[in-house]
file coords15.cif (mmCIF, C-alpha atoms)
data_data
#
loop_
_atom_site.label_atom_id
_atom_site.label_comp_id
_atom_site.auth_asym_id
_atom_site.auth_seq_id
_atom_site.Cartn_x
_atom_site.Cartn_y
_atom_site.Cartn_z
CA MET A 1 -20.67 71.26 -120.70
CA ARG A 2 -18.31 74.23 -120.56
CA ARG A 3 -15.12 72.12 -120.71
CA TYR A 4 -16.01 70.93 -124.23
CA ALA A 5 -16.77 74.36 -125.71
CA ALA A 6 -13.13 75.31 -126.26
CA VAL A 7 -12.36 71.94 -127.89
CA ARG A 8 -15.14 72.31 -130.43
CA GLY A 9 -14.23 75.95 -131.05
CA ARG A 10 -10.68 74.96 -132.08
CA GLN A 11 -11.80 72.19 -134.39
CA ARG A 12 -14.48 73.86 -136.47
CA PRO A 13 -14.74 77.38 -137.93
CA ARG A 14 -17.62 79.47 -136.75
CA HIS A 15 -20.13 80.70 -139.29
CA ARG A 16 -21.99 83.95 -139.37
CA ALA A 17 -25.73 83.55 -138.79
CA ARG A 18 -27.87 84.57 -141.75
CA ARG A 19 -30.80 85.38 -139.56
CA SER A 20 -31.22 86.42 -135.98
CA LEU A 21 -33.43 84.55 -133.53
CA LEU A 22 -36.21 87.07 -133.95
CA ASP A 23 -36.04 86.76 -137.73
CA ARG A 24 -36.46 83.02 -137.45
CA LEU A 25 -39.44 83.39 -135.15
CA ASP A 26 -40.98 85.85 -137.60
CA ARG A 27 -40.79 83.26 -140.36
CA LEU A 28 -42.38 80.45 -138.38
CA PRO A 29 -46.05 79.73 -139.19
CA TRP A 30 -48.45 80.80 -136.49
CA LEU A 31 -50.05 77.75 -134.93
CA GLY A 32 -53.56 77.68 -133.56
CA HIS A 33 -56.06 80.42 -132.89
CA ILE A 34 -55.09 83.24 -130.57
CA PRO A 35 -58.01 84.95 -128.85
CA ASP A 36 -58.21 88.69 -128.47
CA SER A 37 -55.45 89.96 -126.24
CA ALA A 38 -57.86 91.44 -123.71
CA GLU A 39 -59.55 88.07 -123.37
CA GLN A 40 -56.25 86.19 -123.26
CA GLN A 41 -54.57 88.32 -120.62
CA LYS A 42 -57.82 89.02 -118.74
CA PRO A 43 -56.90 92.27 -116.99
CA LEU A 44 -59.00 93.43 -114.05
CA ARG A 45 -61.41 90.50 -113.85
CA VAL A 46 -63.75 89.58 -110.99
CA HIS A 47 -65.51 86.22 -111.02
CA GLY A 48 -64.55 85.77 -114.65
CA ARG A 49 -65.99 89.12 -115.76
CA SER A 50 -63.89 92.00 -117.02
CA ILE A 51 -64.00 95.20 -115.00
CA ALA A 52 -61.37 97.02 -117.06
CA TRP A 53 -63.98 99.64 -117.89
CA VAL A 54 -64.44 100.60 -114.22
CA PRO A 55 -61.38 102.90 -113.74
CA PRO A 56 -62.04 105.10 -116.82
CA LEU A 57 -65.76 105.23 -116.00
CA ALA A 58 -65.03 106.25 -112.42
CA LEU A 59 -62.76 109.04 -113.65
CA LEU A 60 -65.37 110.12 -116.21
CA LEU A 61 -67.87 110.60 -113.38
CA ALA A 62 -65.40 112.06 -110.91
CA VAL A 63 -63.97 114.87 -113.08
CA PRO A 64 -67.31 116.72 -113.69
CA LEU A 65 -68.23 116.38 -110.02
CA LEU A 66 -64.88 117.81 -108.96
CA ASP A 67 -65.22 120.51 -111.58
CA TRP A 68 -68.55 121.63 -110.07
CA SER A 69 -67.08 121.61 -106.57
CA THR A 70 -64.16 123.90 -107.44
CA ALA A 71 -64.22 127.66 -107.74
CA GLU A 72 -65.25 129.35 -110.98
CA ASN A 73 -61.71 130.42 -111.82
CA PHE A 74 -60.34 126.92 -111.33
CA ARG A 75 -61.84 124.65 -114.02
CA ILE A 76 -60.71 121.02 -114.31
CA ILE A 77 -63.26 119.71 -116.82
CA SER A 78 -60.47 119.37 -119.40
CA TRP A 79 -59.06 116.58 -117.21
CA VAL A 80 -61.53 114.24 -118.91
CA VAL A 81 -58.76 113.84 -121.50
CA LEU A 82 -57.31 111.34 -119.01
CA VAL A 83 -60.36 109.07 -119.35
CA PRO A 84 -59.54 107.63 -122.82
CA ALA A 85 -55.84 107.60 -121.89
CA ILE A 86 -56.55 105.25 -118.98
CA ALA A 87 -58.91 103.18 -121.13
CA ALA A 88 -56.16 102.81 -123.74
CA ALA A 89 -53.97 101.10 -121.16
CA VAL A 90 -56.47 98.45 -120.02
CA CYS A 91 -59.38 98.24 -122.45
CA ARG A 92 -59.94 97.17 -126.03
CA VAL A 93 -59.90 99.54 -128.98
CA TRP A 94 -63.66 99.94 -129.31
CA THR A 95 -64.07 100.46 -125.57
CA THR A 96 -61.40 103.14 -125.68
CA ALA A 97 -63.17 104.80 -128.63
CA VAL A 98 -66.42 104.85 -126.64
CA PHE A 99 -64.71 106.50 -123.68
CA ALA A 100 -63.04 109.02 -126.01
CA ALA A 101 -66.48 109.98 -127.37
CA LEU A 102 -67.95 110.14 -123.86
CA ALA A 103 -65.08 112.37 -122.74
CA VAL A 104 -65.79 114.84 -125.55
CA PHE A 105 -69.52 114.72 -124.80
CA ALA A 106 -68.92 115.30 -121.07
CA TYR A 107 -66.63 118.22 -121.84
CA VAL A 108 -69.17 119.91 -124.13
CA LEU A 109 -72.05 119.27 -121.72
CA PHE A 110 -70.46 120.38 -118.47
CA ASN A 111 -68.32 123.16 -119.88
CA GLY A 112 -71.39 124.64 -121.58
CA SER A 113 -73.26 124.65 -118.27
CA TRP A 114 -71.15 127.53 -117.06
CA VAL A 115 -71.61 131.12 -118.10
CA GLN A 116 -69.45 132.39 -120.95
CA GLN A 117 -66.73 134.01 -118.87
CA TYR A 118 -66.06 130.77 -116.94
CA GLN A 119 -65.91 128.41 -119.91
CA THR A 120 -62.47 126.94 -120.71
CA GLY A 121 -62.69 127.63 -124.44
CA LEU A 122 -61.83 126.08 -127.78
CA ALA A 123 -58.24 125.20 -126.88
CA ASP A 124 -59.31 122.76 -124.19
CA PHE A 125 -61.95 121.24 -126.48
CA ILE A 126 -59.25 120.54 -129.08
CA LEU A 127 -57.10 119.05 -126.31
CA VAL A 128 -59.85 116.64 -125.22
CA ALA A 129 -60.74 115.65 -128.80
CA ALA A 130 -57.14 115.17 -129.90
CA GLY A 131 -56.32 113.31 -126.67
CA GLY A 132 -59.18 110.89 -127.33
CA LEU A 133 -58.02 110.24 -130.88
CA LEU A 134 -54.42 109.65 -129.80
CA SER A 135 -55.61 107.32 -127.04
CA VAL A 136 -57.50 105.19 -129.55
CA LEU A 137 -54.41 104.98 -131.75
CA ALA A 138 -52.22 104.11 -128.77
CA CYS A 139 -54.68 101.40 -127.71
CA SER A 140 -54.59 99.94 -131.20
CA VAL A 141 -50.79 99.77 -131.10
CA ARG A 142 -50.88 98.14 -127.66
CA VAL A 143 -53.41 95.51 -128.69
CA ARG A 144 -51.45 94.65 -131.83
CA GLY A 145 -48.28 94.27 -129.77
CA GLU A 146 -50.05 92.02 -127.29
CA GLN A 147 -51.46 89.88 -130.07
CA ARG A 148 -48.02 89.50 -131.61
CA MET A 149 -46.57 88.56 -128.23
CA LEU A 150 -49.31 85.98 -127.71
CA HIS A 151 -48.68 84.52 -131.15
CA MET A 152 -44.98 84.18 -130.34
CA ARG A 153 -45.80 82.65 -126.97
CA ASN A 154 -48.06 80.14 -128.69
CA VAL A 155 -45.17 79.16 -130.99
CA VAL A 156 -42.86 78.77 -128.00
CA GLU A 157 -45.37 76.64 -126.10
CA THR A 158 -45.98 74.45 -129.14
CA THR A 159 -42.23 74.04 -129.58
CA LEU A 160 -41.85 73.20 -125.91
CA ARG A 161 -44.59 70.55 -126.13
CA THR A 162 -42.85 69.07 -129.17
CA VAL A 163 -39.42 68.91 -127.54
CA LEU A 164 -40.60 68.06 -124.01
CA ARG A 165 -43.76 66.12 -124.75
CA PRO A 166 -46.09 65.26 -121.84
CA LEU A 167 -45.38 61.81 -120.43
CA PRO A 168 -48.36 59.86 -119.07
CA PRO A 169 -48.10 58.27 -115.60
CA GLY A 170 -46.46 54.89 -115.67
CA TRP A 171 -45.24 55.42 -119.25
CA GLY A 172 -43.05 52.51 -120.32
CA GLY A 173 -43.53 50.78 -116.98
CA LEU A 174 -41.70 53.55 -115.15
CA ASP A 175 -42.64 55.90 -112.36
CA HIS A 176 -41.24 59.27 -113.34
CA ALA A 177 -41.31 62.99 -112.62
CA ALA A 178 -39.57 65.92 -114.27
CA VAL A 179 -39.13 69.65 -113.80
CA TYR A 180 -37.81 71.96 -116.50
CA LEU A 181 -36.78 75.52 -115.67
CA ALA A 182 -35.65 77.76 -118.52
CA ALA A 183 -32.97 80.30 -117.67
CA ASP A 184 -34.72 82.66 -120.11
CA THR A 185 -38.08 83.13 -118.39
CA GLU A 186 -39.47 84.96 -121.41
CA ALA A 187 -38.54 82.35 -123.99
CA ARG A 188 -39.37 79.46 -121.65
CA VAL A 189 -37.57 76.96 -123.86
CA GLY A 190 -33.91 76.09 -124.26
CA GLY A 191 -31.52 73.26 -125.04
CA ASP A 192 -32.34 70.79 -122.25
CA PHE A 193 -34.29 67.72 -123.33
CA TYR A 194 -35.58 64.45 -121.91
CA ASP A 195 -37.92 61.64 -122.92
CA ILE A 196 -39.04 58.09 -122.18
CA GLN A 197 -39.59 55.71 -125.06
CA PRO A 198 -40.99 52.21 -124.53
CA GLY A 199 -40.08 49.85 -127.35
CA LEU A 200 -39.79 46.30 -128.59
CA HIS A 201 -36.72 45.57 -126.45
CA GLY A 202 -37.36 47.54 -123.28
CA THR A 203 -37.86 51.11 -122.17
CA ARG A 204 -35.21 53.70 -122.90
CA VAL A 205 -34.70 57.06 -121.19
CA LEU A 206 -32.76 60.03 -122.56
CA LEU A 207 -31.75 63.25 -120.83
CA GLY A 208 -29.38 65.78 -122.30
CA ASP A 209 -28.22 69.36 -122.62
CA VAL A 210 -27.38 71.00 -125.94
CA GLN A 211 -24.49 73.44 -125.83
CA GLY A 212 -25.59 77.03 -126.22
CA LYS A 213 -28.98 78.69 -126.15
CA GLY A 214 -31.61 80.03 -128.52
CA LEU A 215 -33.51 78.51 -131.37
CA GLY A 216 -30.44 76.63 -132.61
CA ALA A 217 -30.26 74.68 -129.34
CA VAL A 218 -33.96 73.85 -129.61
CA GLU A 219 -33.48 72.62 -133.19
CA ALA A 220 -30.64 70.34 -132.12
CA ALA A 221 -32.64 68.99 -129.18
CA ALA A 222 -35.63 68.29 -131.43
CA ALA A 223 -33.39 66.46 -133.93
CA LEU A 224 -31.93 64.23 -131.22
CA LEU A 225 -35.30 63.48 -129.67
CA GLY A 226 -36.80 62.53 -133.03
CA THR A 227 -34.00 60.05 -133.63
CA PHE A 228 -34.20 58.72 -130.07
CA ARG A 229 -37.93 58.03 -130.28
CA GLU A 230 -37.48 55.92 -133.40
CA ALA A 231 -34.22 54.18 -132.50
CA ALA A 232 -35.22 53.43 -128.90
CA TYR A 233 -38.37 51.71 -130.13
CA HIS A 234 -36.77 49.53 -132.82
CA GLU A 235 -33.15 48.87 -131.88
CA ALA A 236 -32.42 45.76 -129.83
CA ARG A 237 -29.11 47.03 -128.41
CA LEU A 238 -28.67 50.21 -126.42
CA ALA A 239 -25.32 50.69 -128.15
CA ALA A 240 -27.15 50.89 -131.48
CA VAL A 241 -29.37 53.66 -130.09
CA ALA A 242 -26.22 55.50 -128.99
CA GLU A 243 -24.73 55.14 -132.48
CA ARG A 244 -27.88 56.57 -134.06
CA LEU A 245 -27.82 59.56 -131.72
CA GLU A 246 -24.15 60.31 -132.50
CA ALA A 247 -24.79 60.03 -136.23
CA ARG A 248 -27.82 62.32 -136.00
CA MET A 249 -25.92 64.97 -134.10
CA MET A 250 -23.08 64.91 -136.62
CA ARG A 251 -25.54 65.25 -139.50
CA HIS A 252 -27.25 68.16 -137.77
CA VAL A 253 -23.92 69.90 -137.15
CA ARG A 254 -22.87 69.49 -140.79
CA TYR A 255 -26.19 70.76 -142.05
CA SER A 256 -26.03 73.81 -139.75
CA ALA A 257 -22.54 74.58 -140.98
CA GLU A 258 -23.55 74.24 -144.64
CA VAL A 259 -26.46 76.66 -144.32
CA GLY A 260 -24.23 79.14 -142.48
CA GLN A 261 -25.91 79.03 -139.11
CA GLU A 262 -23.94 80.27 -136.15
CA ASP A 263 -24.51 76.99 -134.32
CA GLY A 264 -22.45 74.95 -136.77
CA ASP A 265 -20.15 73.86 -133.91
CA ARG A 266 -22.87 72.69 -131.52
CA PHE A 267 -22.69 69.53 -129.38
CA ALA A 268 -24.74 67.93 -126.61
CA THR A 269 -24.03 66.05 -123.42
CA ALA A 270 -26.51 63.28 -122.67
CA VAL A 271 -27.28 60.21 -120.59
CA LEU A 272 -28.97 57.25 -122.28
CA VAL A 273 -30.55 54.67 -119.97
CA GLY A 274 -32.07 51.32 -120.86
CA PHE A 275 -34.50 49.30 -118.75
CA PRO A 276 -34.65 45.74 -120.16
CA THR A 277 -38.05 44.03 -120.18
CA ALA A 278 -36.87 40.45 -119.75
CA GLU A 279 -37.86 39.10 -116.35
CA ARG A 280 -34.32 37.88 -115.63
CA ASP A 281 -33.06 41.43 -116.19
CA ARG A 282 -35.66 43.27 -114.12
CA GLY A 283 -33.05 44.64 -111.74
CA LEU A 284 -30.55 45.64 -114.40
CA VAL A 285 -30.11 49.06 -115.94
CA GLU A 286 -27.87 49.96 -118.88
CA VAL A 287 -26.28 53.41 -119.03
CA VAL A 288 -24.40 55.24 -121.77
CA ASN A 289 -22.97 58.59 -120.67
CA PHE A 290 -22.01 61.13 -123.35
CA GLY A 291 -19.94 63.41 -121.12
CA HIS A 292 -22.91 64.34 -118.94
CA GLU A 293 -23.27 64.75 -115.20
CA PRO A 294 -23.25 61.24 -113.70
CA PRO A 295 -26.70 60.03 -112.60
CA LEU A 296 -27.40 59.55 -108.92
CA LEU A 297 -28.94 56.44 -107.40
CA VAL A 298 -31.15 57.63 -104.55
CA ALA A 299 -32.19 55.12 -101.89
CA PRO A 300 -33.66 55.47 -98.38
CA GLY A 301 -30.21 54.71 -97.01
CA GLY A 302 -28.37 57.38 -98.94
CA VAL A 303 -27.15 58.55 -102.33
CA ARG A 304 -24.53 57.03 -104.59
CA ALA A 305 -23.24 58.46 -107.84
CA LEU A 306 -22.44 56.46 -110.92
CA PRO A 307 -18.92 56.78 -112.34
CA PRO A 308 -18.36 60.05 -114.25
CA GLY A 309 -19.16 60.02 -117.93
CA ASP A 310 -16.10 58.78 -119.77
CA GLY A 311 -17.43 59.45 -123.25
CA VAL A 312 -17.30 62.63 -125.29
CA PRO A 313 -20.52 64.57 -125.97
CA LEU A 314 -22.73 63.87 -128.95
CA GLY A 315 -21.25 65.58 -132.00
CA LEU A 316 -17.63 65.27 -130.83
CA GLY A 317 -17.17 61.58 -131.57
CA GLU A 318 -14.85 62.22 -134.51
CA LEU A 319 -12.43 64.00 -132.18
CA ALA A 320 -12.05 61.03 -129.82
CA ASP A 321 -10.07 57.81 -130.15
CA VAL A 322 -13.21 55.87 -129.21
CA PRO A 323 -16.19 57.62 -130.81
CA LEU A 324 -18.83 56.11 -128.54
CA PRO A 325 -18.78 55.61 -124.76
CA PRO A 326 -19.22 52.09 -123.43
CA VAL A 327 -22.52 50.63 -122.25
CA ARG A 328 -22.30 50.14 -118.50
CA THR A 329 -24.61 47.74 -116.69
CA LEU A 330 -25.58 48.27 -113.09
CA LEU A 331 -27.98 46.70 -110.61
CA LEU A 332 -30.82 48.96 -109.52
CA ALA A 333 -32.16 47.95 -106.13
CA PRO A 334 -35.94 47.78 -105.68
CA ASP A 335 -35.95 50.87 -103.44
CA GLU A 336 -33.61 52.98 -105.57
CA THR A 337 -34.59 55.83 -107.88
CA LEU A 338 -32.45 57.10 -110.73
CA LEU A 339 -31.98 60.88 -110.57
CA LEU A 340 -30.67 62.73 -113.62
CA VAL A 341 -30.01 66.47 -113.74
CA THR A 342 -28.45 68.95 -116.13
CA ASP A 343 -25.67 71.35 -115.17
CA GLY A 344 -28.23 74.01 -114.30
CA VAL A 345 -28.41 72.16 -110.96
CA THR A 346 -24.80 71.17 -110.39
CA GLU A 347 -23.43 74.54 -111.53
CA ALA A 348 -25.92 76.68 -109.61
CA ARG A 349 -23.89 79.06 -107.47
CA GLY A 350 -24.79 80.33 -104.04
CA ALA A 351 -23.99 83.67 -102.44
CA ASN A 352 -20.54 82.32 -101.51
CA GLY A 353 -19.78 81.48 -105.15
CA GLU A 354 -19.69 77.72 -104.55
CA PHE A 355 -21.61 75.14 -106.57
CA PHE A 356 -24.79 73.56 -105.27
CA PRO A 357 -23.88 70.45 -103.18
CA LEU A 358 -26.63 68.26 -104.59
CA GLN A 359 -25.48 64.90 -103.28
CA GLU A 360 -24.81 66.20 -99.77
CA ARG A 361 -28.19 67.96 -99.60
CA LEU A 362 -30.01 64.82 -100.70
CA ALA A 363 -28.17 62.67 -98.17
CA ARG A 364 -29.14 64.99 -95.30
CA VAL A 365 -32.82 65.06 -96.27
CA LEU A 366 -32.97 61.28 -96.70
CA LEU A 367 -31.77 60.83 -93.14
CA VAL A 368 -34.99 62.51 -91.99
CA THR A 369 -37.44 61.36 -94.71
CA PRO A 370 -36.06 58.15 -96.26
CA ASP A 371 -39.32 57.33 -98.05
CA MET A 372 -38.79 60.32 -100.33
CA ALA A 373 -36.30 58.22 -102.27
CA LYS A 374 -39.15 56.05 -103.58
CA ASP A 375 -41.30 58.98 -104.74
CA PRO A 376 -39.97 60.62 -107.95
CA SER A 377 -42.36 63.57 -107.66
CA ARG A 378 -41.25 64.52 -104.14
CA LEU A 379 -37.63 63.95 -105.06
CA VAL A 380 -37.82 66.26 -108.07
CA ARG A 381 -39.57 68.99 -106.07
CA LEU A 382 -36.94 68.71 -103.36
CA VAL A 383 -34.09 69.23 -105.82
CA ARG A 384 -35.94 72.05 -107.60
CA ASP A 385 -36.68 73.96 -104.40
CA GLY A 386 -33.18 73.39 -103.05
CA THR A 387 -31.56 74.64 -106.26
CA LEU A 388 -33.69 77.78 -106.47
CA GLU A 389 -33.16 78.56 -102.80
CA TYR A 390 -29.40 78.05 -103.07
CA CYS A 391 -28.95 80.38 -106.07
CA GLY A 392 -31.56 82.89 -104.93
CA GLY A 393 -33.84 82.12 -107.88
CA ARG A 394 -31.25 83.34 -110.42
CA LEU A 395 -30.60 80.51 -112.87
CA ASP A 396 -27.62 80.97 -115.18
CA ASP A 397 -28.49 77.96 -117.33
CA ASP A 398 -31.50 75.87 -118.28
CA THR A 399 -32.26 73.36 -115.56
CA THR A 400 -33.83 69.92 -115.87
CA ILE A 401 -34.44 67.51 -112.99
CA PHE A 402 -35.64 64.03 -113.92
CA ALA A 403 -36.32 61.09 -111.60
CA VAL A 404 -37.31 57.63 -112.76
CA ARG A 405 -37.74 54.14 -111.30
CA ARG A 406 -39.44 50.92 -112.25
CA HIS A 407 -43.18 51.07 -111.68
CA GLY A 408 -44.53 49.42 -108.56
CA ARG A 409 -41.22 48.42 -107.04
CA ALA A 410 -40.83 48.45 -103.25
#
call {"tool": "encode", "arguments": {"input": "coords15.cif", "output": "structure tokens"}}
result
Amino acid sequence: MRRYAAVRGRQRPRHRARRSLLDRLDRLPWLGHIPDSAEQQKPLRVHGRSIAWVPPLALLLAVPLLDWSTAENFRIISWVVLVPAIAAAVCRVWTTAVFAALAVFAYVLFNGSWVQQYQTGLADFILVAAGGLLSVLACSVRVRGEQRMLHMRNVVETTLRTVLRPLPPGWGGLDHAAVYLAADTEARVGGDFYDIQPGLHGTRVLLGDVQGKGLGAVEAAAALLGTFREAAYHEARLAAVAERLEARMMRHVRYSAEVGQEDGDRFATAVLVGFPTAERDRGLVEVVNFGHEPPLLVAPGGVRALPPGDGVPLGLGELADVPLPPVRTLLLAPDETLLLVTDGVTEARGANGEFFPLQERLARVLLVTPDMAKDPSRLVRLVRDGTLEYCGGRLDDDTTIFAVRRHGRA
């Protein structure tokens, strides 16, 4: 991915973004109903019931008791100002308001129980009352911030479901498993994409990685996936699907440049795979590689890599002598699984600064557990765990691991 960035940067001028990522998120319509933040985040719950009121209530009871146990010249009843402050951190607005009122009531009641010379006075009363009011206001600000965060999270999750839609088991006659790990753990969505589309002429698989990050990368991924889902269903030739993807990426790049978005020079590496449905072609697989990491064929006896991608990424076809990479046909053995990953795996660095040796790691594990090669779910988990362990859990790029094989094969 990185070796193409400089090429694109020399060929196209960069444009200043008219809006930042946050501005774009602000303008998106909120989707779905978001429950109250206290209900959504569920702080301090036991058996499904909220106990967020317990800490401020315990303090409300403890302060008067401690006040009675101290000497007359050491009064701590004004500490009840902490009760609504604690409630503001964990409770809802109305609960905080109730505790603020109870704190004032407790102060008046217990402070008035002492003789005049031992009472704390008007200054402490104002402190407790003002502290309760400020706590209610602070709680209101906190709840509004949480609601806004939950709204934004809902948008992100909806976007993620649109780009990386759930794939039912056996979809398109394929056994499959996938893991997506976003480098930005807060955003949880990036430029990696994958999909399976059964169609009139076989089942097609697409996995790719859009250059860059942010909402622009998500927009490009969504554009490519929309085109793939239509073209993969209707087109008879895999080469025609590849042509549609290249044309869609070029259109998206031109549109982004025209509207002045910063991602006007974006491109995407991808692997397009076709599984023909004809009985005579059951063992054949067609592959078009747009400058992506070469897929691996994982079998109980070992791992073999396909030839490196000899095509340029999607969106760079006009810069190459041959705009589209060739369609390569290979024979997939009954016990082999096709493993596709993005550069978040192959470029994961360990403590020694070296890249993750994916093929070597897989080969060693298969010597001990060869049946793992025929189970996409176990294979994907193995690569995920190995990658995270190797880089210490610090991902520098979005990471997708996708394993697929024909359903029911030995």
call {"tool": "residues_around", "arguments": {"input": "coords15.cif", "residues": "range 219-225 of chain A", "least_positions_apart": "4", "cutoff": "9 Å", "atoms": "only C-alpha atoms", "output": "MDAnalysis selection string"}}
result
chainID A and resid 159 162:164 190:195 206 208:210 214:215 229:230 245:246 248:249 252:253 266:268
call {"tool": "atom_distance", "arguments": {"input": "coords15.cif", "atom1": "CA of Gly131 in chain A", "atom2": "CA of Pro84 in chain A"}}
result
7.6 Å
call {"tool": "residues_near_point", "arguments": {"input": "coords15.cif", "point": "(-22.9, 55.3, -109.8)", "cutoff": "12 Å", "atoms": "only C-alpha atoms", "output": "list in words"}}
result
Val285, Glu286, Val287, Asn289, Glu293, Pro294, Pro295, Leu296, Leu297, Val298, Val303, Arg304, Ala305, Leu306, Pro307, Pro308, Gly309, Arg328, Thr329, Leu330, Leu331, Leu332, Glu336, Thr337, Leu338, Leu339, Leu340 and Gln359 of chain A
call {"tool": "write_last_selection", "arguments": {"input": "coords15.cif", "atoms": "C-alpha atoms", "output": "compact mmCIF listing (two decimals), in the coordinates of the input"}}
result
# COMPACT_ATOMS: atom_id res chain seq x y z
CA VAL A 285 -30.11 49.06 -115.94
CA GLU A 286 -27.87 49.96 -118.88
CA VAL A 287 -26.28 53.41 -119.03
CA ASN A 289 -22.97 58.59 -120.67
CA GLU A 293 -23.27 64.75 -115.20
CA PRO A 294 -23.25 61.24 -113.70
CA PRO A 295 -26.70 60.03 -112.60
CA LEU A 296 -27.40 59.55 -108.92
CA LEU A 297 -28.94 56.44 -107.40
CA VAL A 298 -31.15 57.63 -104.55
CA VAL A 303 -27.15 58.55 -102.33
CA ARG A 304 -24.53 57.03 -104.59
CA ALA A 305 -23.24 58.46 -107.84
CA LEU A 306 -22.44 56.46 -110.92
CA PRO A 307 -18.92 56.78 -112.34
CA PRO A 308 -18.36 60.05 -114.25
CA GLY A 309 -19.16 60.02 -117.93
CA ARG A 328 -22.30 50.14 -118.50
CA THR A 329 -24.61 47.74 -116.69
CA LEU A 330 -25.58 48.27 -113.09
CA LEU A 331 -27.98 46.70 -110.61
CA LEU A 332 -30.82 48.96 -109.52
CA GLU A 336 -33.61 52.98 -105.57
CA THR A 337 -34.59 55.83 -107.88
CA LEU A 338 -32.45 57.10 -110.73
CA LEU A 339 -31.98 60.88 -110.57
CA LEU A 340 -30.67 62.73 -113.62
CA GLN A 359 -25.48 64.90 -103.28
call {"tool": "atom_distance", "arguments": {"input": "coords15.cif", "atom1": "CA of Trp171 in chain A", "atom2": "CA of Asp343 in chain A"}}
result
25.6 Å
call {"tool": "atom_distance", "arguments": {"input": "coords15.cif", "atom1": "CA of Leu395 in chain A", "atom2": "CA of Val312 in chain A"}}
result
25.5 Å
call {"tool": "resolve_selection", "arguments": {"input": "coords15.cif", "expression": "the PyMOL selection byres ((chain A and resi 404) around 7)", "output": "list in words"}}
result
Leu174, Asp175, His176, Ala177, Thr337, Leu338, Leu339, Pro376, Phe402, Ala403 and Arg405 of chain A
call {"tool": "build_atoms", "arguments": {"input": "coords15.cif", "residues": "range 128-132 of chain A", "atoms": "all heavy atoms", "output": "PDB file, in the coordinates of the input"}}
result
ATOM      1  N   VAL A 128     -59.079 117.837-125.575  1.00  0.00           N
ATOM      2  CA  VAL A 128     -59.850 116.640-125.220  1.00  0.00           C
ATOM      3  C   VAL A 128     -60.100 115.774-126.453  1.00  0.00           C
ATOM      4  O   VAL A 128     -59.945 114.547-126.416  1.00  0.00           O
ATOM      5  CB  VAL A 128     -61.170 117.042-124.555  1.00  0.00           C
ATOM      6  CG1 VAL A 128     -62.063 115.822-124.335  1.00  0.00           C
ATOM      7  CG2 VAL A 128     -60.900 117.740-123.224  1.00  0.00           C
ATOM      8  N   ALA A 129     -60.476 116.410-127.581  1.00  0.00           N
ATOM      9  CA  ALA A 129     -60.740 115.650-128.800  1.00  0.00           C
ATOM     10  C   ALA A 129     -59.480 114.989-129.337  1.00  0.00           C
ATOM     11  O   ALA A 129     -59.485 113.801-129.707  1.00  0.00           O
ATOM     12  CB  ALA A 129     -61.353 116.566-129.857  1.00  0.00           C
ATOM     13  N   ALA A 130     -58.392 115.745-129.393  1.00  0.00           N
ATOM     14  CA  ALA A 130     -57.140 115.170-129.900  1.00  0.00           C
ATOM     15  C   ALA A 130     -56.603 114.098-128.953  1.00  0.00           C
ATOM     16  O   ALA A 130     -56.076 113.065-129.400  1.00  0.00           O
ATOM     17  CB  ALA A 130     -56.099 116.281-130.073  1.00  0.00           C
ATOM     18  N   GLY A 131     -56.754 114.322-127.634  1.00  0.00           N
ATOM     19  CA  GLY A 131     -56.320 113.310-126.670  1.00  0.00           C
ATOM     20  C   GLY A 131     -57.090 112.008-126.828  1.00  0.00           C
ATOM     21  O   GLY A 131     -56.526 110.919-126.724  1.00  0.00           O
ATOM     22  N   GLY A 132     -58.396 112.099-127.101  1.00  0.00           N
ATOM     23  CA  GLY A 132     -59.180 110.890-127.330  1.00  0.00           C
ATOM     24  C   GLY A 132     -58.733 110.137-128.566  1.00  0.00           C
ATOM     25  O   GLY A 132     -58.613 108.908-128.558  1.00  0.00           O
TER      26      GLY A 132
END
